[in-house]
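Data from entry_8.tsv: TSV, C-alpha atoms
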```tsv
chain	number	residue	atom	x	y	z
A	68	MET	CA	17.04	-0.59	25.54
A	69	ILE	CA	17.06	1.73	28.57
A	70	ASN	CA	16.57	5.33	27.49
A	71	ILE	CA	18.94	7.59	29.41
A	72	PHE	CA	18.48	10.60	27.14
A	73	THR	CA	16.03	13.45	27.41
A	74	LYS	CA	14.93	15.07	24.16
A	75	TYR	CA	13.65	18.56	23.52
A	76	ASN	CA	10.90	18.96	20.93
A	77	PRO	CA	10.00	22.59	20.04
A	78	LYS	CA	6.34	21.59	19.59
A	79	ILE	CA	5.76	19.59	22.78
A	80	GLY	CA	8.65	20.53	25.10
A	81	LEU	CA	10.72	17.94	26.95
A	82	GLU	CA	10.36	14.27	26.04
A	83	VAL	CA	11.34	12.82	29.40
A	84	SER	CA	13.27	9.61	30.06
A	85	SER	CA	14.06	7.58	33.16
A	86	HIS	CA	17.10	9.84	33.68
A	87	THR	CA	15.51	13.27	33.34
A	88	PRO	CA	16.47	15.43	36.35
A	89	LYS	CA	13.62	17.02	38.31
A	90	PHE	CA	15.60	20.25	38.10
A	91	CYS	CA	15.29	20.27	34.29
A	92	LEU	CA	11.60	19.43	34.42
A	93	HIS	CA	11.03	22.37	36.74
A	94	ASN	CA	13.23	24.88	34.92
A	95	ILE	CA	11.75	24.32	31.47
A	96	ASP	CA	9.07	26.76	32.70
A	97	ASP	CA	11.60	29.17	34.22
A	98	PRO	CA	10.08	32.70	34.03
A	99	TYR	CA	13.44	34.02	32.76
A	100	LYS	CA	13.23	31.46	29.94
A	101	LYS	CA	16.92	30.56	30.16
A	102	CYS	CA	16.24	26.99	29.02
A	103	LEU	CA	13.89	27.99	26.20
A	104	LYS	CA	16.34	30.60	24.90
A	105	HIS	CA	19.10	27.99	25.00
A	106	TYR	CA	17.00	25.46	23.06
A	107	SER	CA	15.87	28.12	20.60
A	108	LYS	CA	19.46	29.08	19.82
A	109	ILE	CA	20.42	25.45	19.22
A	110	SER	CA	17.28	24.77	17.14
A	111	GLU	CA	18.05	27.72	14.88
A	112	SER	CA	21.70	26.77	14.49
A	113	LYS	CA	22.63	25.55	11.02
A	114	ASP	CA	25.43	23.40	12.42
A	115	GLU	CA	24.74	19.74	11.71
A	116	ILE	CA	26.45	18.65	14.94
A	117	TYR	CA	26.12	21.00	17.89
A	118	LEU	CA	27.32	20.36	21.47
A	119	LYS	CA	26.93	23.08	24.09
A	120	ALA	CA	26.45	23.48	27.85
A	121	CYS	CA	23.19	25.07	28.99
A	122	PRO	CA	23.11	27.92	31.58
A	123	TYR	CA	22.77	25.33	34.36
A	124	GLY	CA	25.75	23.19	33.32
A	125	PHE	CA	23.97	20.34	31.51
A	126	TYR	CA	25.12	19.49	28.00
A	127	THR	CA	22.80	19.75	25.01
A	128	PHE	CA	23.57	17.84	21.82
A	129	LYS	CA	21.96	18.46	18.43
A	130	ASN	CA	22.14	15.89	15.67
A	131	ASN	CA	20.31	17.04	12.53
A	132	SER	CA	16.82	17.93	13.81
A	133	GLU	CA	17.01	16.00	17.11
A	134	ILE	CA	18.02	17.77	20.33
A	135	PHE	CA	19.27	15.70	23.29
A	136	THR	CA	19.52	17.54	26.59
A	137	SER	CA	20.00	17.24	30.37
A	138	ILE	CA	23.28	15.38	29.70
A	139	ILE	CA	25.72	15.25	32.61
A	140	SER	CA	29.34	15.20	31.45
A	141	SER	CA	32.54	14.39	33.29
A	142	ASP	CA	33.78	17.98	32.91
A	143	ILE	CA	34.81	19.07	36.41
A	144	LYS	CA	34.07	22.71	35.61
A	145	PHE	CA	30.36	21.89	35.25
A	146	GLN	CA	29.92	19.20	37.90
A	147	ASN	CA	29.89	21.58	40.88
A	148	LYS	CA	27.22	23.70	39.22
A	149	ILE	CA	25.17	20.62	38.28
A	150	SER	CA	25.49	19.11	41.78
A	151	LYS	CA	24.18	22.32	43.33
A	152	ASN	CA	21.25	22.48	40.92
A	153	LEU	CA	20.32	18.82	41.41
A	154	LYS	CA	20.52	19.18	45.20
A	155	SER	CA	17.94	21.99	45.05
A	156	ARG	CA	15.43	19.35	43.90
A	157	GLY	CA	16.53	16.62	46.30
A	158	GLU	CA	18.69	14.72	43.83
A	159	SER	CA	22.37	13.80	43.64
A	160	ILE	CA	24.73	13.69	40.67
A	161	ASN	CA	25.40	10.05	41.63
A	162	ASP	CA	21.79	9.24	40.68
A	163	PHE	CA	22.56	9.82	36.99
A	164	VAL	CA	24.76	8.47	34.22
A	165	ILE	CA	27.87	10.61	33.76
A	166	LEU	CA	29.24	10.60	30.21
A	167	PRO	CA	32.85	11.35	29.23
A	168	SER	CA	32.71	14.72	27.48
A	169	SER	CA	34.97	13.49	24.69
A	170	LYS	CA	32.62	10.60	23.89
A	171	ILE	CA	29.18	12.23	24.19
A	172	LYS	CA	28.85	12.65	20.43
A	173	LYS	CA	29.83	9.03	19.72
A	174	ILE	CA	27.58	7.56	22.43
A	175	ILE	CA	24.53	9.48	21.26
A	176	GLU	CA	25.11	8.71	17.59
A	177	ASP	CA	25.45	5.00	18.42
A	178	THR	CA	22.22	5.24	20.44
A	179	ILE	CA	20.41	6.85	17.51
A	180	ILE	CA	21.50	4.04	15.18
A	181	SER	CA	20.54	1.35	17.72
A	182	THR	CA	17.14	2.96	18.26
A	183	GLU	CA	16.57	3.09	14.51
A	184	ARG	CA	17.48	-0.59	14.17
A	185	ILE	CA	14.96	-1.48	16.90
A	186	SER	CA	12.34	0.65	15.14
A	187	VAL	CA	13.03	-1.13	11.84
A	188	ALA	CA	12.63	-4.53	13.50
A	189	GLU	CA	9.41	-3.50	15.30
A	190	ASP	CA	7.91	-2.17	12.07
A	191	ALA	CA	8.91	-5.36	10.23
A	192	ILE	CA	7.12	-7.50	12.82
A	193	HIS	CA	4.03	-5.29	12.52
A	194	ASP	CA	3.94	-5.50	8.73
A	195	ILE	CA	4.66	-9.23	8.55
A	196	ARG	CA	1.87	-9.91	11.04
A	197	ASN	CA	-0.55	-8.01	8.80
A	198	MET	CA	0.66	-9.95	5.75
A	199	MET	CA	0.15	-13.25	7.58
A	200	PHE	CA	-3.45	-12.22	8.33
A	201	SER	CA	-3.87	-11.53	4.62
A	202	VAL	CA	-2.54	-15.00	3.75
A	203	ALA	CA	-4.88	-16.57	6.32
A	204	ASN	CA	-7.86	-14.68	4.87
A	205	ILE	CA	-7.07	-15.95	1.38
A	206	LEU	CA	-6.70	-19.55	2.58
A	207	GLU	CA	-9.96	-19.35	4.56
A	208	ARG	CA	-11.76	-18.12	1.45
A	209	TYR	CA	-10.77	-21.30	-0.41
A	210	GLU	CA	-10.62	-23.86	2.41
A	211	SER	CA	-13.79	-25.58	1.19
A	212	TYR	CA	-12.50	-25.91	-2.37
A	213	SER	CA	-11.33	-29.38	-3.36
A	214	ASP	CA	-9.40	-28.02	-6.35
A	215	VAL	CA	-6.35	-26.19	-5.01
A	216	GLN	CA	-5.87	-24.60	-8.43
A	217	ASP	CA	-8.65	-22.18	-7.47
A	218	ILE	CA	-6.34	-20.54	-4.92
A	219	ASP	CA	-4.84	-17.28	-6.14
A	220	PHE	CA	-1.23	-18.45	-6.02
A	221	LYS	CA	0.08	-15.17	-7.47
A	222	THR	CA	-1.31	-13.27	-4.50
A	223	LEU	CA	0.03	-15.78	-1.98
A	224	LEU	CA	3.46	-15.82	-3.62
A	225	GLY	CA	3.44	-12.03	-3.78
A	226	LEU	CA	2.71	-11.73	-0.08
A	227	SER	CA	5.42	-14.27	0.64
A	228	ASP	CA	7.84	-12.19	-1.44
A	229	LEU	CA	6.85	-9.09	0.51
A	230	MET	CA	7.58	-10.82	3.80
A	231	ARG	CA	11.00	-11.92	2.57
A	232	ASN	CA	11.76	-8.39	1.41
A	233	ARG	CA	10.54	-7.03	4.74
A	234	LEU	CA	12.98	-9.23	6.64
A	235	ARG	CA	15.75	-8.43	4.18
A	236	ILE	CA	15.43	-4.75	5.03
A	237	ILE	CA	16.72	-5.51	8.51
A	238	ASP	CA	19.71	-7.38	7.05
A	239	ASP	CA	20.44	-4.59	4.57
A	240	PHE	CA	20.33	-1.88	7.22
A	241	ASP	CA	23.78	-0.32	7.33
A	242	SER	CA	24.54	0.24	11.00
A	243	LYS	CA	27.33	2.62	10.10
A	244	ASN	CA	25.19	5.38	8.67
A	245	GLY	CA	21.60	4.28	9.18
A	246	GLU	CA	20.72	3.93	5.49
A	247	TYR	CA	19.46	1.12	3.30
A	248	VAL	CA	22.26	0.72	0.81
A	249	VAL	CA	21.22	-1.98	-1.70
A	250	LYS	CA	19.99	-0.10	-4.79
A	251	HIS	CA	19.50	-0.88	-8.46
A	252	MET	CA	17.63	0.41	-11.50
A	253	GLN	CA	13.88	-0.21	-11.50
A	254	TYR	CA	10.75	0.94	-13.31
A	255	ILE	CA	8.06	2.08	-10.91
A	256	HIS	CA	4.88	1.33	-12.86
A	257	PRO	CA	5.48	-2.47	-12.87
A	258	LEU	CA	5.87	-2.34	-9.09
A	259	PHE	CA	2.46	-0.67	-8.80
A	260	HIS	CA	0.95	-3.16	-11.24
A	261	LYS	CA	2.31	-6.11	-9.24
A	262	LEU	CA	0.97	-4.69	-6.00
A	263	LYS	CA	-2.39	-3.92	-7.60
A	264	SER	CA	-2.76	-7.59	-8.55
A	265	MET	CA	-1.84	-8.63	-5.00
A	266	MET	CA	-4.11	-6.16	-3.25
A	267	GLU	CA	-7.23	-6.69	-5.36
A	268	ILE	CA	-8.18	-9.88	-3.52
A	269	LEU	CA	-7.89	-7.95	-0.25
A	270	CYS	CA	-10.37	-5.40	-1.64
A	271	ILE	CA	-13.18	-7.94	-2.04
A	272	LYS	CA	-14.48	-7.62	1.52
A	273	LYS	CA	-15.10	-3.87	1.12
A	274	ASP	CA	-16.00	-4.13	-2.57
A	275	LEU	CA	-13.18	-1.74	-3.51
A	276	SER	CA	-11.64	-1.25	-6.94
A	277	ILE	CA	-8.19	-0.01	-7.91
A	278	ASP	CA	-7.80	2.25	-10.94
A	279	LEU	CA	-4.16	2.18	-12.03
A	280	GLU	CA	-3.39	4.54	-14.89
A	281	LYS	CA	-1.92	2.80	-17.93
A	282	ASN	CA	1.85	2.71	-18.24
A	283	THR	CA	3.14	6.01	-19.62
A	284	GLN	CA	6.41	5.80	-17.74
A	285	TYR	CA	9.70	5.85	-19.63
A	286	ASN	CA	12.19	6.52	-16.85
A	287	ALA	CA	14.00	4.05	-14.60
A	288	TYR	CA	15.13	4.94	-11.09
A	289	ASN	CA	18.09	4.00	-8.94
A	290	ILE	CA	16.22	2.89	-5.82
A	291	SER	CA	16.42	0.16	-3.18
A	292	GLU	CA	14.08	-2.81	-2.87
A	293	GLU	CA	12.45	-1.21	0.15
A	294	VAL	CA	10.60	1.19	-2.20
A	295	PHE	CA	8.42	-1.82	-3.05
A	296	LEU	CA	7.56	-2.00	0.64
A	297	GLY	CA	6.92	1.76	0.78
A	298	ILE	CA	4.43	1.49	-2.08
A	299	PHE	CA	2.82	-1.53	-0.36
A	300	ILE	CA	2.36	0.54	2.82
A	301	ILE	CA	0.61	3.29	0.83
A	302	PHE	CA	-1.60	0.69	-0.88
A	303	GLU	CA	-2.38	-1.00	2.44
A	304	ASN	CA	-3.24	2.34	4.05
A	305	ALA	CA	-5.62	3.16	1.18
A	306	VAL	CA	-7.35	-0.23	1.37
A	307	LYS	CA	-7.73	0.06	5.14
A	308	HIS	CA	-9.29	3.50	5.13
A	309	ALA	CA	-11.12	3.71	1.79
A	310	LEU	CA	-14.90	3.84	2.05
A	311	PRO	CA	-16.74	0.64	1.00
A	312	LYS	CA	-17.59	0.41	-2.71
A	313	SER	CA	-15.17	3.21	-3.56
A	314	THR	CA	-12.16	3.38	-5.88
A	315	ILE	CA	-8.45	3.84	-5.13
A	316	TYR	CA	-6.79	5.85	-7.91
A	317	ILE	CA	-3.11	5.83	-8.96
A	318	THR	CA	-1.91	8.31	-11.59
A	319	PHE	CA	1.48	8.89	-13.27
A	320	ASP	CA	2.65	12.15	-14.80
A	321	GLU	CA	5.95	12.58	-16.65
A	322	PHE	CA	4.79	15.60	-18.61
A	323	ARG	CA	4.22	18.10	-15.80
A	324	SER	CA	7.95	18.75	-15.68
A	325	VAL	CA	10.94	17.64	-17.75
A	326	ASP	CA	12.85	17.20	-14.49
A	327	ALA	CA	10.59	14.82	-12.60
A	328	THR	CA	7.95	12.10	-12.56
A	329	TYR	CA	4.94	12.49	-10.29
A	330	VAL	CA	2.80	9.69	-8.83
A	331	GLU	CA	-0.44	10.30	-6.93
A	332	ILE	CA	-2.40	7.73	-4.91
A	333	PHE	CA	-5.75	8.85	-3.52
A	334	ASN	CA	-8.91	7.44	-2.00
A	335	GLU	CA	-12.11	8.57	-0.34
A	336	SER	CA	-12.25	8.08	3.45
A	337	ASN	CA	-14.23	9.07	6.49
A	338	GLN	CA	-13.82	12.72	7.36
A	339	ILE	CA	-10.34	13.74	8.53
A	340	GLU	CA	-10.50	16.80	10.77
A	341	ASP	CA	-8.28	19.80	10.05
A	342	ASP	CA	-6.45	19.43	13.37
A	343	GLU	CA	-5.59	15.80	12.52
A	344	ILE	CA	-3.88	16.33	9.18
A	345	ASP	CA	-0.38	17.08	10.53
A	346	LYS	CA	-0.70	14.31	13.14
A	347	LEU	CA	-1.32	11.51	10.62
A	348	ILE	CA	2.43	11.13	10.11
A	349	ASN	CA	3.12	10.77	13.84
A	350	ARG	CA	4.14	7.33	15.06
A	351	GLY	CA	1.23	5.57	16.75
A	352	TYR	CA	-1.42	8.18	15.85
A	353	ARG	CA	-4.87	6.90	14.85
A	354	GLY	CA	-7.44	9.22	13.25
A	355	LYS	CA	-10.57	10.10	15.21
A	356	ASN	CA	-12.83	8.57	12.57
A	357	ALA	CA	-10.46	5.77	11.47
A	358	THR	CA	-12.34	2.53	10.79
A	359	ALA	CA	-9.31	0.23	10.64
A	360	GLY	CA	-7.08	-1.10	13.41
A	361	GLY	CA	-3.30	-1.14	13.54
A	362	THR	CA	-0.49	0.74	15.24
A	363	GLY	CA	-0.32	3.79	13.01
A	364	LEU	CA	3.20	2.98	11.76
A	365	GLY	CA	2.37	3.12	8.05
A	366	LEU	CA	2.81	6.69	6.84
A	367	LEU	CA	5.80	7.35	9.06
A	368	LYS	CA	7.58	4.23	7.82
A	369	ALA	CA	6.70	4.97	4.19
A	370	LYS	CA	8.00	8.52	4.56
A	371	LYS	CA	11.38	7.24	5.84
A	372	ILE	CA	11.62	4.71	3.02
A	373	PHE	CA	11.01	7.32	0.33
A	374	GLU	CA	13.39	9.80	1.97
A	375	ASN	CA	16.10	7.12	2.00
A	376	ASN	CA	15.72	6.93	-1.77
A	377	ASN	CA	15.57	10.69	-2.41
A	378	ILE	CA	11.91	10.47	-3.38
A	379	ASP	CA	9.81	13.47	-2.31
A	380	PHE	CA	6.87	12.33	-0.18
A	381	SER	CA	3.90	14.41	0.93
A	382	TYR	CA	0.18	14.01	1.51
A	383	ASP	CA	-2.83	16.27	1.57
A	384	VAL	CA	-6.47	16.07	2.59
A	385	LYS	CA	-9.50	17.72	1.01
A	386	ARG	CA	-13.07	17.75	2.25
A	387	ASN	CA	-15.54	15.85	0.09
A	388	GLY	CA	-18.90	16.75	1.60
A	389	GLU	CA	-19.69	16.97	5.31
A	390	LEU	CA	-18.60	13.49	6.39
A	391	ARG	CA	-15.97	12.48	3.84
A	392	SER	CA	-12.44	13.40	2.82
A	393	ILE	CA	-10.10	12.70	-0.09
A	394	PHE	CA	-6.72	11.51	1.16
A	395	LYS	CA	-3.91	11.81	-1.39
A	396	VAL	CA	-0.26	10.72	-1.27
A	397	ASN	CA	2.15	12.53	-3.60
A	398	LEU	CA	5.46	11.01	-4.73
A	399	LYS	CA	8.02	12.85	-6.83
A	400	PHE	CA	11.00	11.18	-8.50
A	401	ASP	CA	13.35	13.96	-9.53
A	402	LYS	CA	15.99	14.07	-12.22
A	403	ASN	CA	18.80	13.32	-9.78
A	404	ILE	CA	17.67	9.70	-9.53
A	405	ILE	CA	16.37	9.28	-13.06
A	406	ASN	CA	18.26	7.34	-15.70
A	407	LYS	CA	16.67	8.14	-19.08
```

Render the structure in this file as structure tokens.
Amino acid sequence: MINIFTKYNPKIGLEVSSHTPKFCLHNIDDPYKKCLKHYSKISESKDEIYLKACPYGFYTFKNNSEIFTSIISSDIKFQNKISKNLKSRGESINDFVILPSSKIKKIIEDTIISTERISVAEDAIHDIRNMMFSVANILERYESYSDVQDIDFKTLLGLSDLMRNRLRIIDDFDSKNGEYVVKHMQYIHPLFHKLKSMMEILCIKKDLSIDLEKNTQYNAYNISEEVFLGIFIIFENAVKHALPKSTIYITFDEFRSVDATYVEIFNESNQIEDDEIDKLINRGYRGKNATAGGTGLGLLKAKKIFENNNIDFSYDVKRNGELRSIFKVNLKFDKNIINK
């Protein structure tokens, strides 16, 4: 998909596209800060949908937390101003896509949904490729065995089930509102237990162990099947980055609050620097001391999955000596999705 939209990110500035005017790139550093004041006003607005012309005639569109800018509309009242500004940087209005002002909102919202669908498909390919490597590793381990009964069929079938679920997520994606809509009542602890059994064979190479707290859970939750994938991603991330001969811990707590159930997954890893902690959620980011490969999609994808199911997701990092850290994922299932 060709990206014709420029985004503004308060932390990094303009995220340029193939259609970002040179005028906008130059004026983001305008000493009078007209652009920055404009973006600041829109960022602080509580309006969920916000469409407004900037001081130079370009439209800015805000959808939730995303800000799209440098949009050229078909409004005649702004085109003369825009043409003059573009000309000052050697460009013409004919070099850019002109959007009907009445359809800007619809076009951008459709683009957001299409981009999300592409992201879902890309992440699915990434995860399925990793699962196929896991299947291959299991088969290689037993390729010299004459008795096929020695193969851990439960693990292979579990990975196969994960791959089917992963593909099903694309089919279940509701293009109308960008949510995964197939939900039903499930108990969480059995999901963790199933994944623990699947992941243990993948822990052999690093001599890892998984300590899953016994089942003290009495609440069921109205969640979609993708939560199984979200938990798998957290498991996979822990296995990838846990130090050899260490333990991955999973705890459940339904007694901390009458309104919620808390799940914590934590492991010991190589040291994570303080300036990296907030970046770990960024798409494509790899830690400085990360020992495992991959594309860095895990935490970001897991976060979206849990948010889609109204599950609070967070993580924190604590130093454990000079060269090690404890990485912990926190999940909270609140009373709004609990069926007692």

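Between Met265 in chain A and the candidates A:Val306, A:Ile378, A:Ile71, A:Ile139, the tightest atom-to-atom separation, counting only C-alpha atoms, involves A:Val306.
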
- Can you pull out every residue within 10 Å of Glu111 in chain A, counting all atoms listed in the file, but drop anything in the same chain fewer than 4 positions away, and send it as JSON, numbers by chain? {"A": [106, 107, 132]}

- Message: Counting all atoms listed in the file, which residue out of A:His86, A:Lys108, A:Lys173, A:His256 sits closest to Ile138 in chain A?
- Response: A:His86

Applying 6 Å and all atoms listed in the file, which residues near range 308-324 of chain A remain after dropping the ones on its own chain fewer than 5 positions away? List them as an mmCIF file with C-alpha atoms, keeping the file's coordinate frame.
```cif
data_model
loop_
_atom_site.group_PDB
_atom_site.id
_atom_site.type_symbol
_atom_site.label_atom_id
_atom_site.label_comp_id
_atom_site.auth_asym_id
_atom_site.auth_seq_id
_atom_site.Cartn_x
_atom_site.Cartn_y
_atom_site.Cartn_z
ATOM 1 C CA LYS A 273 -15.100 -3.870 1.120
ATOM 2 C CA ASP A 274 -16.000 -4.130 -2.570
ATOM 3 C CA LEU A 275 -13.180 -1.740 -3.510
ATOM 4 C CA SER A 276 -11.640 -1.250 -6.940
ATOM 5 C CA ILE A 277 -8.190 -0.010 -7.910
ATOM 6 C CA ASP A 278 -7.800 2.250 -10.940
ATOM 7 C CA LEU A 279 -4.160 2.180 -12.030
ATOM 8 C CA GLU A 280 -3.390 4.540 -14.890
ATOM 9 C CA TYR A 329 4.940 12.490 -10.290
ATOM 10 C CA VAL A 330 2.800 9.690 -8.830
ATOM 11 C CA GLU A 331 -0.440 10.300 -6.930
ATOM 12 C CA ILE A 332 -2.400 7.730 -4.910
ATOM 13 C CA PHE A 333 -5.750 8.850 -3.520
ATOM 14 C CA ASN A 334 -8.910 7.440 -2.000
ATOM 15 C CA GLU A 335 -12.110 8.570 -0.340
ATOM 16 C CA SER A 336 -12.250 8.080 3.450
#
```

- Item | Straight-line distance linking CA of Ala369 in chain A with CA of Ile301 in chain A, stated in Å to one decimal |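 CA of Ile301 in chain A lies at a distance of 7.2 Å from CA of Ala369 in chain A.
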
Please identify all polymer residues lying at most 9 Å from the point (-1.5, 15.6, 1.9) (file coordinates), using all atoms listed in the file, and present the result as an mmCIF file with C-alpha atoms, keeping the file's coordinate frame.
```cif
data_model
loop_
_atom_site.group_PDB
_atom_site.id
_atom_site.type_symbol
_atom_site.label_atom_id
_atom_site.label_comp_id
_atom_site.auth_asym_id
_atom_site.auth_seq_id
_atom_site.Cartn_x
_atom_site.Cartn_y
_atom_site.Cartn_z
ATOM 1 C CA ILE A 344 -3.880 16.330 9.180
ATOM 2 C CA ASP A 345 -0.380 17.080 10.530
ATOM 3 C CA SER A 381 3.900 14.410 0.930
ATOM 4 C CA TYR A 382 0.180 14.010 1.510
ATOM 5 C CA ASP A 383 -2.830 16.270 1.570
ATOM 6 C CA VAL A 384 -6.470 16.070 2.590
ATOM 7 C CA LYS A 385 -9.500 17.720 1.010
ATOM 8 C CA PHE A 394 -6.720 11.510 1.160
ATOM 9 C CA LYS A 395 -3.910 11.810 -1.390
ATOM 10 C CA VAL A 396 -0.260 10.720 -1.270
ATOM 11 C CA ASN A 397 2.150 12.530 -3.600
#
```

- Using only C-alpha atoms, which of A:Tyr117, A:Arg156, A:Ser137, A:Gly124 sits nearest Glu82 in chain A? A:Ser137

- Query: Which of these residues is nearest to Ile298 in chain A, using only C-alpha atoms: A:Ala327, A:Cys121, A:Leu262, A:Ile271?
  - Reply: A:Leu262
